[in-house]
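Structure file my_file.cif (mmCIF, C-alpha atoms and all ligand atoms) is printed below.
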```
data_upload
loop_
_atom_site.label_atom_id
_atom_site.label_comp_id
_atom_site.auth_asym_id
_atom_site.auth_seq_id
_atom_site.Cartn_x
_atom_site.Cartn_y
_atom_site.Cartn_z
CA LEU D 448 -37.47 114.76 79.94
CA PHE D 449 -36.09 116.83 82.77
CA ALA D 450 -38.53 115.97 85.52
CA ALA D 451 -36.01 113.76 87.29
CA VAL D 452 -33.18 116.28 87.16
CA ALA D 453 -32.01 117.10 90.66
CA MET D 454 -30.92 120.57 91.68
CA ALA D 455 -27.12 120.69 91.74
CA PRO D 456 -25.39 122.41 94.64
CA ARG D 457 -23.87 125.82 94.06
CA ASP D 458 -20.19 125.88 93.21
CA PRO D 459 -18.38 126.40 96.53
CA ILE D 460 -16.38 129.33 95.13
CA LEU D 461 -18.12 130.78 92.07
CA GLY D 462 -21.50 130.15 93.70
CA LEU D 463 -20.45 132.65 96.37
CA ASN D 464 -20.19 135.32 93.68
CA GLU D 465 -23.83 134.68 92.79
CA GLN D 466 -24.82 135.01 96.43
CA PHE D 467 -22.66 138.12 96.84
CA ASN D 468 -24.16 139.81 93.77
CA ALA D 469 -27.66 139.14 95.07
CA ASP D 470 -26.91 140.56 98.54
CA PRO D 471 -28.39 144.08 98.95
CA ASN D 472 -26.04 144.92 101.87
CA PRO D 473 -24.22 148.14 100.73
CA SER D 474 -21.13 147.36 102.81
CA LYS D 475 -20.67 143.79 101.59
CA VAL D 476 -17.11 142.64 100.85
CA ASN D 477 -16.23 139.75 98.53
CA LEU D 478 -13.27 137.77 99.89
CA GLY D 479 -14.50 134.55 98.27
CA VAL D 480 -13.14 134.05 94.78
CA GLY D 481 -9.39 134.40 94.12
CA VAL D 482 -9.37 137.74 92.36
CA TYR D 483 -6.99 140.64 92.91
CA TYR D 484 -8.55 144.07 93.41
CA ASP D 485 -6.56 147.29 93.78
CA ASP D 486 -6.69 149.55 96.81
CA ASN D 487 -9.81 151.25 95.41
CA GLY D 488 -11.55 147.88 95.24
CA LYS D 489 -11.32 147.89 91.44
CA LEU D 490 -10.30 145.03 89.17
CA PRO D 491 -7.15 146.36 87.51
CA LEU D 492 -6.62 146.57 83.77
CA LEU D 493 -2.85 146.22 83.65
CA ALA D 494 -1.06 148.97 81.70
CA CYS D 495 0.95 146.32 79.81
CA VAL D 496 -2.31 144.70 78.74
CA ALA D 497 -3.80 148.03 77.62
CA ALA D 498 -0.59 148.79 75.69
CA ALA D 499 -0.63 145.38 73.98
CA GLU D 500 -4.30 145.85 73.09
CA ALA D 501 -3.57 149.30 71.64
CA GLN D 502 -0.80 147.76 69.56
CA MET D 503 -3.18 145.04 68.37
CA GLN D 504 -5.89 147.55 67.56
CA ALA D 505 -3.49 149.62 65.49
CA ALA D 506 -3.05 146.65 63.17
CA PRO D 507 -6.34 144.76 63.40
CA LYS D 508 -6.32 141.21 62.16
CA PRO D 509 -9.17 139.04 60.85
CA ARG D 510 -10.28 136.28 63.26
CA GLY D 511 -9.83 132.94 61.58
CA TYR D 512 -9.75 129.70 63.53
CA LEU D 513 -6.64 129.26 65.58
CA PRO D 514 -4.72 126.01 65.34
CA ILE D 515 -6.13 123.40 67.75
CA ASP D 516 -3.16 123.90 70.08
CA GLY D 517 -3.44 127.69 69.98
CA ILE D 518 -1.19 130.55 68.90
CA ALA D 519 2.33 129.21 68.32
CA ALA D 520 3.97 132.41 69.65
CA TYR D 521 1.83 132.14 72.78
CA ASP D 522 2.71 128.50 73.39
CA SER D 523 6.40 129.25 73.08
CA ALA D 524 6.11 132.32 75.34
CA VAL D 525 4.44 130.10 77.95
CA GLN D 526 7.26 127.58 77.64
CA GLY D 527 9.87 130.29 78.10
CA LEU D 528 8.14 131.57 81.20
CA VAL D 529 7.52 128.18 82.79
CA PHE D 530 10.74 126.35 81.93
CA GLY D 531 13.18 129.22 81.33
CA ALA D 532 13.96 130.53 77.85
CA ASP D 533 17.34 128.75 77.74
CA SER D 534 16.05 125.51 79.16
CA GLU D 535 17.60 122.33 77.77
CA VAL D 536 14.22 120.66 77.70
CA LEU D 537 12.98 123.32 75.27
CA LYS D 538 16.07 123.12 73.10
CA ALA D 539 15.50 119.38 72.90
CA LYS D 540 11.81 120.01 71.98
CA ARG D 541 10.71 117.70 74.76
CA VAL D 542 7.73 119.79 75.89
CA ALA D 543 4.26 119.68 74.36
CA THR D 544 2.40 122.92 75.17
CA VAL D 545 -1.15 123.82 74.24
CA GLN D 546 -3.14 127.00 74.82
CA ALA D 547 -6.01 126.31 77.21
CA LEU D 548 -9.11 127.98 78.60
CA GLY D 549 -7.49 129.24 81.78
CA GLY D 550 -5.65 127.06 84.26
CA THR D 551 -8.82 125.00 84.71
CA GLY D 552 -8.80 124.28 80.99
CA GLY D 553 -5.18 123.13 81.22
CA LEU D 554 -6.06 120.80 84.08
CA LYS D 555 -9.03 119.40 82.19
CA ILE D 556 -7.08 118.71 78.99
CA GLY D 557 -4.41 117.00 81.08
CA ALA D 558 -6.99 115.00 83.04
CA ASP D 559 -8.74 113.76 79.89
CA PHE D 560 -5.43 112.81 78.29
CA LEU D 561 -4.30 110.99 81.44
CA LYS D 562 -7.57 109.07 81.56
CA ARG D 563 -6.89 107.71 78.09
CA LEU D 564 -3.27 107.00 78.93
CA ASN D 565 -3.76 105.37 82.28
CA PRO D 566 -7.47 104.67 82.88
CA GLY D 567 -6.88 102.72 86.10
CA ALA D 568 -4.93 105.46 87.89
CA THR D 569 -5.96 107.17 91.11
CA VAL D 570 -5.54 110.90 91.53
CA LEU D 571 -4.18 112.32 94.77
CA ILE D 572 -4.90 115.92 95.71
CA SER D 573 -3.79 117.80 98.79
CA ASP D 574 -5.98 117.89 101.90
CA PRO D 575 -7.35 120.50 101.55
CA SER D 576 -7.12 121.58 97.95
CA TRP D 577 -8.81 123.93 95.54
CA GLU D 578 -12.40 122.65 95.56
CA ASN D 579 -12.46 122.23 91.78
CA HIS D 580 -9.51 119.81 91.72
CA ARG D 581 -11.59 117.01 93.16
CA ALA D 582 -14.61 117.80 90.99
CA LEU D 583 -12.57 118.12 87.83
CA PHE D 584 -10.61 114.88 88.19
CA THR D 585 -13.71 113.01 89.40
CA ASN D 586 -15.63 114.18 86.35
CA ALA D 587 -12.73 113.05 84.17
CA GLY D 588 -13.40 109.55 85.56
CA PHE D 589 -10.72 109.17 88.22
CA PRO D 590 -11.07 108.05 91.82
CA VAL D 591 -9.76 111.06 93.77
CA GLU D 592 -8.09 110.64 97.14
CA THR D 593 -6.05 113.00 99.28
CA TYR D 594 -2.58 113.29 100.74
CA PRO D 595 -2.19 115.11 104.07
CA TYR D 596 -1.14 118.74 103.63
CA TYR D 597 -2.50 121.18 106.17
CA ASP D 598 -1.38 120.92 109.76
CA ALA D 599 -4.01 122.88 111.68
CA ALA D 600 -2.30 122.57 115.06
CA ASN D 601 0.97 124.02 113.84
CA ARG D 602 -0.44 126.33 111.18
CA GLY D 603 1.75 124.84 108.50
CA ILE D 604 2.29 121.74 106.41
CA HIS D 605 1.95 118.16 107.61
CA PHE D 606 5.01 117.25 105.61
CA ASP D 607 5.68 113.82 107.08
CA GLY D 608 2.09 112.87 106.37
CA MET D 609 2.39 114.13 102.83
CA LEU D 610 5.60 112.21 102.15
CA GLY D 611 4.17 109.10 103.78
CA ALA D 612 1.10 109.17 101.53
CA LEU D 613 3.20 109.70 98.42
CA ASN D 614 5.48 106.86 99.45
CA ALA D 615 2.48 104.59 99.88
CA ALA D 616 0.93 105.48 96.52
CA ALA D 617 0.90 102.94 93.70
CA ALA D 618 3.08 103.55 90.64
CA GLY D 619 1.20 105.61 88.06
CA THR D 620 -0.80 107.53 90.67
CA VAL D 621 -1.35 111.09 89.51
CA VAL D 622 -0.29 113.58 92.19
CA VAL D 623 -1.69 117.09 91.87
CA LEU D 624 0.76 119.57 93.40
CA HIS D 625 0.41 123.33 93.82
CA ALA D 626 3.59 124.79 92.36
CA CYS D 627 3.29 127.92 94.53
CA CYS D 628 0.81 129.88 96.62
CA HIS D 629 -1.08 126.80 97.76
CA ASN D 630 -4.82 127.19 97.32
CA PRO D 631 -6.47 127.38 99.83
CA THR D 632 -3.91 127.33 102.65
CA GLY D 633 -1.17 129.70 101.45
CA TYR D 634 1.50 127.36 102.87
CA ASP D 635 4.19 126.37 100.37
CA LEU D 636 6.86 123.68 100.59
CA THR D 637 10.44 124.82 101.05
CA PRO D 638 12.92 124.00 98.26
CA ALA D 639 14.36 121.25 100.51
CA GLN D 640 10.90 119.75 100.99
CA TRP D 641 10.24 119.94 97.26
CA ALA D 642 13.49 118.03 96.70
CA GLN D 643 12.12 115.21 98.86
CA VAL D 644 8.80 115.22 97.01
CA VAL D 645 10.59 115.06 93.67
CA GLU D 646 12.64 112.13 94.96
CA VAL D 647 9.55 110.17 96.02
CA VAL D 648 7.72 110.96 92.78
CA LYS D 649 10.71 109.58 90.90
CA ALA D 650 11.35 106.58 93.13
CA LYS D 651 7.71 105.47 93.17
CA GLY D 652 6.91 106.18 89.52
CA LEU D 653 4.19 108.73 90.32
CA VAL D 654 2.91 111.22 87.78
CA ALA D 655 3.28 114.82 88.94
CA PHE D 656 0.71 117.35 87.76
CA LEU D 657 1.76 120.82 88.85
CA ASP D 658 -0.93 123.45 89.01
CA MET D 659 0.69 126.88 88.66
CA ALA D 660 -2.12 129.41 88.78
CA TYR D 661 -0.40 132.05 90.92
CA GLN D 662 3.13 132.36 89.56
CA GLY D 663 4.50 135.71 90.71
CA PHE D 664 2.16 136.20 93.67
CA GLY D 665 4.36 134.48 96.25
CA GLU D 666 7.97 135.64 96.11
CA GLY D 667 8.52 136.42 92.43
CA ILE D 668 8.20 134.88 88.99
CA ALA D 669 11.45 132.88 89.12
CA GLU D 670 11.13 132.00 92.81
CA ASP D 671 7.57 130.74 92.42
CA GLY D 672 8.50 128.72 89.36
CA ALA D 673 11.65 127.24 90.89
CA VAL D 674 10.03 123.90 91.62
CA ILE D 675 9.74 123.29 87.87
CA GLN D 676 13.54 123.34 87.67
CA GLN D 677 13.71 120.67 90.38
CA PHE D 678 11.40 118.37 88.42
CA LEU D 679 13.41 119.02 85.24
CA ALA D 680 16.70 118.33 87.00
CA ALA D 681 15.35 114.96 88.16
CA GLY D 682 14.70 114.02 84.54
CA LEU D 683 11.00 113.38 85.16
CA ASP D 684 8.09 113.50 82.73
CA PHE D 685 5.39 115.72 84.23
CA PHE D 686 2.45 118.05 83.62
CA VAL D 687 2.17 121.78 84.32
CA SER D 688 -0.98 123.84 84.00
CA THR D 689 -0.53 127.59 83.75
CA SER D 690 -3.01 130.38 84.32
CA PHE D 691 -2.72 134.04 83.39
CA SER D 692 -6.08 134.93 84.91
CA LYS D 693 -4.51 136.43 88.01
CA SER D 694 -1.02 137.40 86.88
CA PHE D 695 -2.35 139.41 83.90
CA SER D 696 -5.71 140.25 85.48
CA LEU D 697 -7.31 138.60 82.44
CA TYR D 698 -9.84 136.46 84.30
CA GLY D 699 -12.63 136.65 81.72
CA GLU D 700 -10.35 135.97 78.77
CA ARG D 701 -9.75 132.38 79.94
CA VAL D 702 -6.11 132.32 79.05
CA GLY D 703 -3.95 129.48 80.28
CA ALA D 704 -1.96 126.51 79.05
CA LEU D 705 -1.00 122.91 79.58
CA SER D 706 2.60 121.77 79.18
CA VAL D 707 3.66 118.14 79.21
CA VAL D 708 7.36 117.37 79.67
CA CYS D 709 8.29 114.20 77.79
CA ALA D 710 11.37 112.01 77.51
CA SER D 711 12.10 112.88 73.87
CA ALA D 712 11.05 115.16 71.02
CA GLU D 713 9.37 112.19 69.37
CA GLU D 714 7.27 111.51 72.47
CA ALA D 715 6.37 115.20 72.75
CA THR D 716 5.12 115.18 69.16
CA LYS D 717 2.92 112.17 69.86
CA VAL D 718 1.63 113.62 73.14
CA LEU D 719 0.80 116.87 71.38
CA SER D 720 -1.20 114.95 68.78
CA GLN D 721 -3.26 113.37 71.58
CA LEU D 722 -3.79 116.68 73.40
CA LYS D 723 -5.12 118.08 70.14
CA ILE D 724 -7.72 115.32 69.96
CA VAL D 725 -8.85 116.10 73.51
CA ILE D 726 -9.20 119.79 72.59
CA ARG D 727 -10.88 119.19 69.24
CA THR D 728 -13.52 116.96 70.79
CA ASN D 729 -14.21 119.38 73.64
CA TYR D 730 -14.23 122.87 72.11
CA SER D 731 -12.39 122.53 68.81
CA ASN D 732 -9.82 125.29 69.24
CA PRO D 733 -9.17 128.18 71.60
CA PRO D 734 -10.08 131.88 71.34
CA THR D 735 -7.68 134.53 70.07
CA HIS D 736 -7.75 137.68 72.12
CA GLY D 737 -6.33 136.90 75.57
CA ALA D 738 -3.55 134.69 74.28
CA GLN D 739 -2.58 137.32 71.71
CA VAL D 740 -2.34 139.90 74.51
CA VAL D 741 -0.18 137.65 76.68
CA ALA D 742 2.05 136.63 73.76
CA THR D 743 2.55 140.29 72.84
CA VAL D 744 3.44 141.29 76.39
CA LEU D 745 5.76 138.36 77.03
CA SER D 746 7.62 138.77 73.73
CA THR D 747 8.01 142.58 73.79
CA PRO D 748 10.85 143.44 76.20
CA ALA D 749 9.43 146.81 77.34
CA LEU D 750 5.95 145.36 77.93
CA ARG D 751 7.36 142.35 79.68
CA ALA D 752 9.34 144.59 82.04
CA GLN D 753 6.18 146.58 82.69
CA TRP D 754 4.23 143.39 83.41
CA GLU D 755 6.85 142.21 85.89
CA GLU D 756 6.64 145.55 87.64
CA GLU D 757 2.86 145.51 87.76
CA LEU D 758 2.82 141.93 89.03
CA ALA D 759 5.34 142.89 91.71
CA GLY D 760 3.04 145.77 92.67
CA MET D 761 0.15 143.33 93.20
CA ARG D 762 2.37 140.98 95.19
CA VAL D 763 3.65 143.77 97.44
CA ARG D 764 0.17 145.15 98.07
CA ILE D 765 -1.10 141.72 99.11
CA LYS D 766 1.77 141.40 101.58
CA GLN D 767 0.93 144.83 102.97
CA MET D 768 -2.68 143.76 103.41
CA ARG D 769 -1.53 140.68 105.35
CA GLU D 770 0.44 142.88 107.75
CA ALA D 771 -2.42 145.36 108.00
CA LEU D 772 -4.98 142.63 108.67
CA VAL D 773 -2.90 141.27 111.52
CA ALA D 774 -2.49 144.79 112.97
CA GLU D 775 -6.24 145.45 112.72
CA LEU D 776 -7.14 142.11 114.29
CA LYS D 777 -4.78 142.84 117.18
CA ALA D 778 -6.30 146.31 117.51
CA ALA D 779 -9.72 144.63 117.60
CA GLY D 780 -8.60 142.65 120.64
CA ILE D 781 -7.53 139.33 119.10
CA THR D 782 -4.63 138.01 121.14
CA ASP D 783 -3.92 134.78 119.18
CA ASP D 784 -0.58 134.42 117.42
CA LEU D 785 -1.48 135.66 113.95
CA SER D 786 1.98 135.47 112.41
CA TYR D 787 0.74 132.69 110.14
CA VAL D 788 -1.25 135.24 108.14
CA ILE D 789 2.05 136.88 107.19
CA ARG D 790 3.81 133.57 106.51
CA GLN D 791 1.15 132.43 104.06
CA LYS D 792 1.81 133.15 100.39
CA GLY D 793 -0.32 134.26 97.48
CA MET D 794 -3.85 135.52 97.41
CA PHE D 795 -5.31 133.49 100.24
CA SER D 796 -5.28 133.23 103.95
CA TYR D 797 -6.53 130.04 105.51
CA SER D 798 -8.03 131.66 108.53
CA GLY D 799 -8.82 128.61 110.60
CA LEU D 800 -12.41 129.84 110.96
CA SER D 801 -15.08 127.13 110.86
CA ALA D 802 -17.79 126.86 108.20
CA GLU D 803 -20.22 128.17 110.79
CA GLN D 804 -18.07 131.21 111.50
CA MET D 805 -17.69 131.85 107.77
CA GLN D 806 -21.47 131.71 107.39
CA ARG D 807 -21.86 134.20 110.25
CA LEU D 808 -19.37 136.51 108.54
CA ARG D 809 -21.58 136.41 105.48
CA THR D 810 -25.02 136.71 107.02
CA GLU D 811 -24.25 139.11 109.88
CA PHE D 812 -21.49 141.24 108.35
CA GLY D 813 -21.70 140.84 104.55
CA VAL D 814 -18.13 139.49 104.48
CA TYR D 815 -17.96 136.66 101.95
CA GLY D 816 -15.29 133.98 102.26
CA VAL D 817 -15.24 130.27 101.39
CA ASP D 818 -16.73 127.84 103.92
CA SER D 819 -13.32 126.14 104.25
CA GLY D 820 -12.17 129.29 106.09
CA ARG D 821 -10.30 130.67 103.08
CA ILE D 822 -10.35 134.42 102.60
CA CYS D 823 -8.92 136.31 99.66
CA VAL D 824 -6.43 138.80 101.09
CA ALA D 825 -6.00 140.24 97.57
CA ALA D 826 -9.47 141.77 97.86
CA LEU D 827 -8.69 143.66 101.06
CA ASN D 828 -8.02 147.39 100.79
CA SER D 829 -7.48 150.35 103.06
CA LYS D 830 -11.23 151.02 103.20
CA ASN D 831 -12.66 147.56 103.84
CA LEU D 832 -9.85 146.39 106.13
CA LYS D 833 -11.23 147.77 109.39
CA PRO D 834 -14.80 146.49 108.96
CA VAL D 835 -13.51 143.10 107.80
CA ALA D 836 -11.17 142.82 110.79
CA ALA D 837 -13.96 143.87 113.14
CA ALA D 838 -16.24 141.21 111.64
CA ILE D 839 -13.59 138.48 111.93
CA ALA D 840 -12.85 139.53 115.50
CA ALA D 841 -16.56 139.39 116.33
CA VAL D 842 -17.05 135.86 115.02
CA LYS D 843 -13.81 134.72 116.65
CA ARG D 844 -15.09 136.00 119.99
CA GLY D 845 -18.16 133.83 119.42
C1 LIG P 901 -10.26 130.50 93.27
O1 LIG P 901 -9.78 129.51 93.82
O2 LIG P 901 -11.00 131.30 93.83
C2 LIG P 901 -9.90 130.77 91.84
O3 LIG P 901 -9.02 129.82 91.35
C3 LIG P 901 -11.08 130.96 90.98
C4 LIG P 901 -11.79 129.69 90.70
O4 LIG P 901 -11.96 129.38 89.51
O5 LIG P 901 -12.20 128.99 91.62
#
```

Let's see the structure in the file written out as structure tokens.
Ligand code: LMR
Amino acid sequence: LFAAVAMAPRDPILGLNEQFNADPNPSKVNLGVGVYYDDNGKLPLLACVAAAEAQMQAAPKPRGYLPIDGIAAYDSAVQGLVFGADSEVLKAKRVATVQALGGTGGLKIGADFLKRLNPGATVLISDPSWENHRALFTNAGFPVETYPYYDAANRGIHFDGMLGALNAAAAGTVVVLHACCHNPTGYDLTPAQWAQVVEVVKAKGLVAFLDMAYQGFGEGIAEDGAVIQQFLAAGLDFFVSTSFSKSFSLYGERVGALSVVCASAEEATKVLSQLKIVIRTNYSNPPTHGAQVVATVLSTPALRAQWEEELAGMRVRIKQMREALVAELKAAGITDDLSYVIRQKGMFSYSGLSAEQMQRLRTEFGVYGVDSGRICVAALNSKNLKPVAAAIAAVKRG
């Protein structure tokens, strides 16, 4: 039965974890996957999460099936966070939100729903984008093409190219946009650039799908979510996937969401009914624990304040690591202008290193990053910084 099954390639990001775990090098450093580690190299358990779990343990509940769309209090907490608690669109009940298995789960539910809605559509992702965007939308049955994004020569965004591609796209084309902390480049659009994107999306009848996996890691929760307000103000229908993997350090709980902004409450009710079919026929209904934790934190003022503080702590430490990396690279003799490392936002730095250089980093120095040149700055710490910088400097020297 399986004789003809071909060996699939490793996942470009999670496959690196497998390689990293198998590497006996005692000084190996994992800058591959987008995971935040503290300055001791440990995955944090946020205090707000521990407090919510203690609260939940004090009043344990039986574990029945959740509704197909998840915990109602969780879905509304997500809506408050993403759209603003006083948002008109929420008052008008124009948003359908479902709990999902991480941000990836939100993308997948949205992709499957879109395929039913508009089977002939093309999906546009940024060039480059998170590796799984292409795979996920391809597997959902869409042709996936790209719009220009990264401008290697100027270490920034090829904005004219991006706008040009969006302008040239057929009506109904699904455009996947990174709401903040672009993965992998770390370069985000300015509010003025977003305004132009929103205008084109509206004028050309495109379908925006915002992937918001890193809210709070760029400039702040509100700042990173500001683009949502621009799409709302334009009166557009659009999709937003949310992830709490990073912002709550709840990676293994697979806690995320999909929100679909519709033109009316009636439409939102119908869309929700379709999303529920997608969920039911994939995994029936979501798990309880992670969403219960997030709902508890977001709806308890003291815990929410603590979360915002802890998230700010992660954000600030990442920025410090960016500065420190630049200083160490300079100390290691690199004379290039490295200010882009500081300008980039979120967990990643798009280093500009080639796949070959990234492979050398791995095999010669035990420093694991993605072949695209992406390194996770959120995994740097005061101990691994010097050896990592020395390794990067060595491969840059050739
Ligand atoms: C990443 O880009 O490293 C993260 O989003 C983790 C993942 O699922 O790939």

**OP:** Counting only C-alpha atoms and all ligand atoms, name the residues that have an atom within 6 Å of an atom of ligand LIG 901 (chain P); the answer should be given as a count of residues only.
**Re:** 4

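These residues, each with an atom at most 9 Å from (-17.2, 129.1, 94.1) using all atoms listed in the file, are Arg457, Asp458, Pro459, Ile460, Leu461, Gly462, Leu463, Asn464, Glu465, Gly479, Val480, Glu578, Asn579 and Val817 of chain D.
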
**OP:** For Cys709 in chain D, list every protein, DNA or RNA residue within 9 Å, evaluated using all atoms listed in the file, and leave out those in the same chain fewer than 6 positions away; present the list as a PyMOL selection string.
**Re:** chain D and resi 536+540-543+683-685+715+718

I'd like a table as a tab-separated table: residues in range 719-816 of chain D with an atom no more than 7 Å from range 691-705 of chain D, each row giving the shortest atom pair and its distance in Å to one decimal, only C-alpha atoms counted, sorted by chain and rising residue number.
```
residue	atom	partner	partner_atom	distance
D:Gly737	CA	D:Glu700	CA	5.2
D:Ala738	CA	D:Val702	CA	5.9
D:Leu758	CA	D:Ser694	CA	6.3
```

Could you please take those selected residues and save C-alpha atoms as a short mmCIF file (atom, residue, chain, number, x, y, z; two decimals), in the frame of the given file?
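The resulting file, selection.cif, is shown below:
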```
data_model
loop_
_atom_site.label_atom_id
_atom_site.label_comp_id
_atom_site.auth_asym_id
_atom_site.auth_seq_id
_atom_site.Cartn_x
_atom_site.Cartn_y
_atom_site.Cartn_z
CA GLY D 737 -6.33 136.90 75.57
CA ALA D 738 -3.55 134.69 74.28
CA LEU D 758 2.82 141.93 89.03
#
```

Neighbour list for Ser819 in chain D as a PDB file with C-alpha atoms, keeping the file's coordinate frame, cut-off 12 Å, all atoms listed in the file, skip fewer than 5 positions in-chain:
```pdb
ATOM      1  CA  PRO D 459     -18.380 126.400  96.530  1.00  0.00           C
ATOM      2  CA  ILE D 460     -16.380 129.330  95.130  1.00  0.00           C
ATOM      3  CA  GLY D 479     -14.500 134.550  98.270  1.00  0.00           C
ATOM      4  CA  ASP D 574      -5.980 117.890 101.900  1.00  0.00           C
ATOM      5  CA  PRO D 575      -7.350 120.500 101.550  1.00  0.00           C
ATOM      6  CA  SER D 576      -7.120 121.580  97.950  1.00  0.00           C
ATOM      7  CA  TRP D 577      -8.810 123.930  95.540  1.00  0.00           C
ATOM      8  CA  GLU D 578     -12.400 122.650  95.560  1.00  0.00           C
ATOM      9  CA  ASN D 630      -4.820 127.190  97.320  1.00  0.00           C
ATOM     10  CA  PRO D 631      -6.470 127.380  99.830  1.00  0.00           C
ATOM     11  CA  THR D 632      -3.910 127.330 102.650  1.00  0.00           C
ATOM     12  CA  PHE D 795      -5.310 133.490 100.240  1.00  0.00           C
ATOM     13  CA  SER D 796      -5.280 133.230 103.950  1.00  0.00           C
ATOM     14  CA  TYR D 797      -6.530 130.040 105.510  1.00  0.00           C
ATOM     15  CA  SER D 798      -8.030 131.660 108.530  1.00  0.00           C
ATOM     16  CA  GLY D 799      -8.820 128.610 110.600  1.00  0.00           C
ATOM     17  CA  LEU D 800     -12.410 129.840 110.960  1.00  0.00           C
ATOM     18  CA  SER D 801     -15.080 127.130 110.860  1.00  0.00           C
ATOM     19  CA  ALA D 802     -17.790 126.860 108.200  1.00  0.00           C
ATOM     20  CA  GLU D 803     -20.220 128.170 110.790  1.00  0.00           C
ATOM     21  CA  GLN D 804     -18.070 131.210 111.500  1.00  0.00           C
ATOM     22  CA  MET D 805     -17.690 131.850 107.770  1.00  0.00           C
ATOM     23  CA  GLN D 806     -21.470 131.710 107.390  1.00  0.00           C
TER      24      GLN D 806
END
```

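Minimum distance to Val788 in chain D across D:Thr810, D:Val674, D:Val648, D:Arg602 (counting only C-alpha atoms) occurs at D:Arg602.
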
Original post:
For the point (-9.9, 130.6, 64.7) in file coordinates, what residues are within 12 Å, counting all atoms listed in the file? Give the answer as a list in words?
Top reply: Lys508, Pro509, Arg510, Gly511, Tyr512, Leu513, Pro514, Ile515, Asp516, Gly517, Ile518, Tyr730, Ser731, Asn732, Pro733, Pro734, Thr735 and His736 of chain D

So that I have them on file, write out the residues from the current selection with C-alpha atoms, as a PDB file, keeping the file's coordinate frame.
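Now in again.pdb:
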```pdb
ATOM      1  CA  LYS D 508      -6.320 141.210  62.160  1.00  0.00           C
ATOM      2  CA  PRO D 509      -9.170 139.040  60.850  1.00  0.00           C
ATOM      3  CA  ARG D 510     -10.280 136.280  63.260  1.00  0.00           C
ATOM      4  CA  GLY D 511      -9.830 132.940  61.580  1.00  0.00           C
ATOM      5  CA  TYR D 512      -9.750 129.700  63.530  1.00  0.00           C
ATOM      6  CA  LEU D 513      -6.640 129.260  65.580  1.00  0.00           C
ATOM      7  CA  PRO D 514      -4.720 126.010  65.340  1.00  0.00           C
ATOM      8  CA  ILE D 515      -6.130 123.400  67.750  1.00  0.00           C
ATOM      9  CA  ASP D 516      -3.160 123.900  70.080  1.00  0.00           C
ATOM     10  CA  GLY D 517      -3.440 127.690  69.980  1.00  0.00           C
ATOM     11  CA  ILE D 518      -1.190 130.550  68.900  1.00  0.00           C
ATOM     12  CA  TYR D 730     -14.230 122.870  72.110  1.00  0.00           C
ATOM     13  CA  SER D 731     -12.390 122.530  68.810  1.00  0.00           C
ATOM     14  CA  ASN D 732      -9.820 125.290  69.240  1.00  0.00           C
ATOM     15  CA  PRO D 733      -9.170 128.180  71.600  1.00  0.00           C
ATOM     16  CA  PRO D 734     -10.080 131.880  71.340  1.00  0.00           C
ATOM     17  CA  THR D 735      -7.680 134.530  70.070  1.00  0.00           C
ATOM     18  CA  HIS D 736      -7.750 137.680  72.120  1.00  0.00           C
TER      19      HIS D 736
END
```

**OP:** Fewer than 4 positions away in the same chain doesn't count, so skip those; otherwise give me all residues within 7 Å of range 824-841 of chain D, counting only C-alpha atoms, as a PyMOL selection string.
**Re:** chain D and resi 478+482-484+486-488+765+768-769+772+775-776+779+781+794-796+808+812+814+845

**OP:** Tell me which of D:Val529, D:Ile572, D:Val725, D:Ala558 sits closest to Phe678 in chain D, counting all atoms listed in the file.
**Re:** D:Val529

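Pairwise distance (CA of Phe584 in chain D, CA of Gly619 in chain D) equals 15.0 Å.
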
Kindly add N, CA and C atoms to the incomplete range 516-524 of chain D and provide the output as a PDB file, in the coordinates of the input.
```pdb
ATOM      1  N   ASP D 516      -4.006 123.692  68.893  1.00  0.00           N
ATOM      2  CA  ASP D 516      -3.160 123.900  70.080  1.00  0.00           C
ATOM      3  C   ASP D 516      -2.891 125.379  70.366  1.00  0.00           C
ATOM      4  N   GLY D 517      -3.529 126.270  69.645  1.00  0.00           N
ATOM      5  CA  GLY D 517      -3.440 127.690  69.980  1.00  0.00           C
ATOM      6  C   GLY D 517      -2.395 128.437  69.164  1.00  0.00           C
ATOM      7  N   ILE D 518      -2.137 129.670  69.600  1.00  0.00           N
ATOM      8  CA  ILE D 518      -1.190 130.550  68.900  1.00  0.00           C
ATOM      9  C   ILE D 518       0.227 130.049  69.189  1.00  0.00           C
ATOM     10  N   ALA D 519       0.985 129.782  68.134  1.00  0.00           N
ATOM     11  CA  ALA D 519       2.330 129.210  68.320  1.00  0.00           C
ATOM     12  C   ALA D 519       3.201 130.146  69.169  1.00  0.00           C
ATOM     13  N   ALA D 520       3.123 131.458  68.907  1.00  0.00           N
ATOM     14  CA  ALA D 520       3.970 132.410  69.650  1.00  0.00           C
ATOM     15  C   ALA D 520       3.570 132.418  71.134  1.00  0.00           C
ATOM     16  N   TYR D 521       2.304 132.200  71.391  1.00  0.00           N
ATOM     17  CA  TYR D 521       1.830 132.140  72.780  1.00  0.00           C
ATOM     18  C   TYR D 521       2.378 130.891  73.463  1.00  0.00           C
ATOM     19  N   ASP D 522       2.232 129.755  72.788  1.00  0.00           N
ATOM     20  CA  ASP D 522       2.710 128.500  73.390  1.00  0.00           C
ATOM     21  C   ASP D 522       4.198 128.590  73.691  1.00  0.00           C
ATOM     22  N   SER D 523       4.959 129.208  72.780  1.00  0.00           N
ATOM     23  CA  SER D 523       6.400 129.250  73.080  1.00  0.00           C
ATOM     24  C   SER D 523       6.697 130.285  74.155  1.00  0.00           C
ATOM     25  N   ALA D 524       5.905 131.357  74.243  1.00  0.00           N
ATOM     26  CA  ALA D 524       6.110 132.320  75.340  1.00  0.00           C
ATOM     27  C   ALA D 524       5.813 131.656  76.691  1.00  0.00           C
TER      28      ALA D 524
END
```
